[in-house]
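Remarks on the structure that follows.
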Amino acid sequence: MTAKTIPSGLQTAYNTEATTLAHTIKFTRTDGQVYAYTSASADVTIASVTYDAGQGLDVGAIVSTAGLSVDNLELTTLDDGTLFKPAEVLGRVWANAAFIISRYDWSNAAAGQEPLLAGTVGNVVLRQGSVVVELRGLQQYLQQPIGSITSKTCRAR
């Protein structure tokens, strides 16, 4: 079993009583487009990726399970149609996009990020003025059937 590694600069921030923590989420769509957002009040660049504060990311509670149960999370965001364009959602451009949610110290972004949850985008539902995005943990792949089952007798009977 591998222990979780937290960057030393970020661990120093965790050890202080007054932390200045924020969250990021980065989406990498299957067409290569990258979208990144922060819960901080100002844009931040970490590891050459600029995280936009304009969308208003709010991370409440992330619950991870022990074992092989799938971690699922719904992300609800206000959207004016500029990020989740209806044609792209209906065309399934966002389906299976990779995501990673991380935590960082907004007063010292160079201290690094702690990954909290990674996986892929499931269903994206457009609502009146908002979007609901299903975020599936990596364990989802362990529940996917691979190949087919055969037997001595014909399975068409």
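Numbering starts fresh at 1 for the residues of each chain in the structure tokens, the chains themselves are lettered A, B, ... in the order given, and ligands are numbered from 1 as they appear.
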| query | Leaving out Arg136 of chain A and any residue of its chain fewer than 6 positions from it, which residues lie within 10 Å of it when counting only C-alpha atoms, given as a count of residues only? | reply | 15
With a distance cut-off of 12 Å and only C-alpha atoms, select the neighbouring residues of Ser41 of chain A, excluding the residue or stretch itself and same-chain residues fewer than 5 positions from it, and output the selection as a PDB file with N, CA and C atoms, in the first residue's frame.
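Saved file result09.pdb follows:
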```pdb
ATOM      1  N   THR A  20      -5.214  28.858   4.492  1.00  0.00           N
ATOM      2  CA  THR A  20      -5.833  29.599   3.401  1.00  0.00           C
ATOM      3  C   THR A  20      -5.991  28.625   2.234  1.00  0.00           C
ATOM      4  N   LEU A  21      -6.906  27.685   2.401  1.00  0.00           N
ATOM      5  CA  LEU A  21      -7.061  26.614   1.427  1.00  0.00           C
ATOM      6  C   LEU A  21      -8.165  26.913   0.427  1.00  0.00           C
ATOM      7  N   ALA A  22      -7.960  26.440  -0.778  1.00  0.00           N
ATOM      8  CA  ALA A  22      -8.959  26.534  -1.835  1.00  0.00           C
ATOM      9  C   ALA A  22      -8.902  25.228  -2.629  1.00  0.00           C
ATOM     10  N   HIS A  23      -9.889  25.022  -3.475  1.00  0.00           N
ATOM     11  CA  HIS A  23      -9.967  23.812  -4.286  1.00  0.00           C
ATOM     12  C   HIS A  23      -9.852  24.157  -5.765  1.00  0.00           C
ATOM     13  N   THR A  24      -9.397  23.198  -6.537  1.00  0.00           N
ATOM     14  CA  THR A  24      -9.371  23.332  -7.987  1.00  0.00           C
ATOM     15  C   THR A  24     -10.043  22.110  -8.594  1.00  0.00           C
ATOM     16  N   TYR A  51      -6.221  28.385 -13.521  1.00  0.00           N
ATOM     17  CA  TYR A  51      -7.517  28.028 -12.956  1.00  0.00           C
ATOM     18  C   TYR A  51      -8.353  29.294 -12.837  1.00  0.00           C
ATOM     19  N   ASP A  52      -9.512  29.297 -13.450  1.00  0.00           N
ATOM     20  CA  ASP A  52     -10.394  30.450 -13.521  1.00  0.00           C
ATOM     21  C   ASP A  52     -11.280  30.527 -12.279  1.00  0.00           C
ATOM     22  N   ALA A  53     -11.367  31.700 -11.688  1.00  0.00           N
ATOM     23  CA  ALA A  53     -12.217  31.901 -10.516  1.00  0.00           C
ATOM     24  C   ALA A  53     -13.608  32.386 -10.909  1.00  0.00           C
ATOM     25  N   GLY A  54     -13.810  32.732 -12.170  1.00  0.00           N
ATOM     26  CA  GLY A  54     -15.057  33.333 -12.622  1.00  0.00           C
ATOM     27  C   GLY A  54     -16.277  32.432 -12.588  1.00  0.00           C
ATOM     28  N   GLN A  55     -16.122  31.125 -12.749  1.00  0.00           N
ATOM     29  CA  GLN A  55     -17.273  30.214 -12.784  1.00  0.00           C
ATOM     30  C   GLN A  55     -17.884  29.997 -11.412  1.00  0.00           C
ATOM     31  N   GLY A  56     -17.154  30.249 -10.348  1.00  0.00           N
ATOM     32  CA  GLY A  56     -17.718  30.083  -9.013  1.00  0.00           C
ATOM     33  C   GLY A  56     -17.757  28.642  -8.557  1.00  0.00           C
ATOM     34  N   LEU A  57     -16.627  28.012  -8.460  1.00  0.00           N
ATOM     35  CA  LEU A  57     -16.535  26.636  -7.968  1.00  0.00           C
ATOM     36  C   LEU A  57     -16.751  26.620  -6.465  1.00  0.00           C
ATOM     37  N   ASP A  58     -17.604  25.723  -5.995  1.00  0.00           N
ATOM     38  CA  ASP A  58     -17.861  25.578  -4.566  1.00  0.00           C
ATOM     39  C   ASP A  58     -17.792  24.100  -4.227  1.00  0.00           C
ATOM     40  N   TRP A 106      -4.081  29.049  -1.292  1.00  0.00           N
ATOM     41  CA  TRP A 106      -4.179  30.167  -2.228  1.00  0.00           C
ATOM     42  C   TRP A 106      -3.198  31.294  -1.916  1.00  0.00           C
ATOM     43  N   SER A 107      -2.675  31.347  -0.701  1.00  0.00           N
ATOM     44  CA  SER A 107      -1.690  32.388  -0.387  1.00  0.00           C
ATOM     45  C   SER A 107      -0.288  31.997  -0.850  1.00  0.00           C
TER      46      SER A 107
END
```
Would you pick out the contacts of Pro115 of chain A at 8 Å or less, using only C-alpha atoms, so that residues sharing its chain but fewer than 2 positions from it are not included, and give the list as a short mmCIF file (atom, residue, chain, number, x, y, z; two decimals) with N, CA, C and O atoms, in the first residue's frame?
```cif
data_model
loop_
_atom_site.label_atom_id
_atom_site.label_comp_id
_atom_site.auth_asym_id
_atom_site.auth_seq_id
_atom_site.Cartn_x
_atom_site.Cartn_y
_atom_site.Cartn_z
N ILE A 100 -9.87 16.06 -12.22
CA ILE A 100 -9.14 15.90 -10.97
C ILE A 100 -9.48 17.08 -10.07
O ILE A 100 -9.48 18.23 -10.52
N ILE A 101 -9.86 16.77 -8.84
CA ILE A 101 -10.15 17.80 -7.84
C ILE A 101 -8.97 17.81 -6.86
O ILE A 101 -8.57 16.76 -6.37
N SER A 102 -8.44 19.00 -6.61
CA SER A 102 -7.28 19.14 -5.73
C SER A 102 -7.51 20.27 -4.74
O SER A 102 -8.40 21.10 -4.92
N ARG A 103 -6.67 20.30 -3.72
CA ARG A 103 -6.69 21.37 -2.72
C ARG A 103 -5.32 22.03 -2.75
O ARG A 103 -4.30 21.36 -2.93
N GLN A 113 -0.20 21.11 -4.97
CA GLN A 113 -1.58 20.69 -4.83
C GLN A 113 -1.66 19.29 -4.22
O GLN A 113 -0.79 18.47 -4.45
N LEU A 117 -9.63 13.76 -5.54
CA LEU A 117 -10.49 12.83 -6.26
C LEU A 117 -10.23 12.97 -7.75
O LEU A 117 -10.11 14.08 -8.26
N ALA A 118 -10.15 11.84 -8.42
CA ALA A 118 -9.94 11.84 -9.87
C ALA A 118 -10.90 10.84 -10.49
O ALA A 118 -11.35 9.91 -9.83
#
```
| query | Using the chain letters and numbers from this document, which residues of segment 72-131 of chain A does DSSP assign to strand (DSSP E), as an NGL selection string? | reply | :A and (72-78 or 98-105 or 113-127 or 130-131)
| Neighbours of Thr45 of chain A within 12 Å (only C-alpha atoms; same-chain residues fewer than 3 positions away dropped), as a PyMOL selection string? | chain A and resi 24+26+36-38+40+42+48-53+104+106+108-113
| task | Measure the distance from atom CA of Val34 of chain A to atom CA of Gln11 of chain A in Å and round it to one decimal. | result | 27.5 Å
| Distance of atom CA of Leu83 of chain A from atom CA of Val125 of chain A, expressed in Å to one decimal place |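 We find that atom CA of Val125 of chain A and atom CA of Leu83 of chain A lie 13.0 Å from each other.
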| query | So what do you get for atom CA of Ser130 of chain A versus atom CA of Asp79 of chain A, distance-wise? | reply |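 Atom-to-atom, atom CA of Ser130 of chain A and atom CA of Asp79 of chain A are spaced 5.1 Å apart.
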| query | Would you give me, as a ChimeraX atom specification, the residues in segment 19-119 of chain A that DSSP reads as alpha helix (DSSP H)? | reply | /A:86-90
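Remark: for Pro7 of chain A, the closest of the candidate residues A:Gly137, A:Tyr35, A:Asp105, A:Val93 is A:Asp105 (distances computed over only C-alpha atoms).
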| task | Could you tell me which of A:Ile25, A:Val131, A:Ala13, A:Ile46 comes closest to Pro86 of chain A if we count only C-alpha atoms? | result |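 So, comparing all the options, the nearest one is A:Val131.
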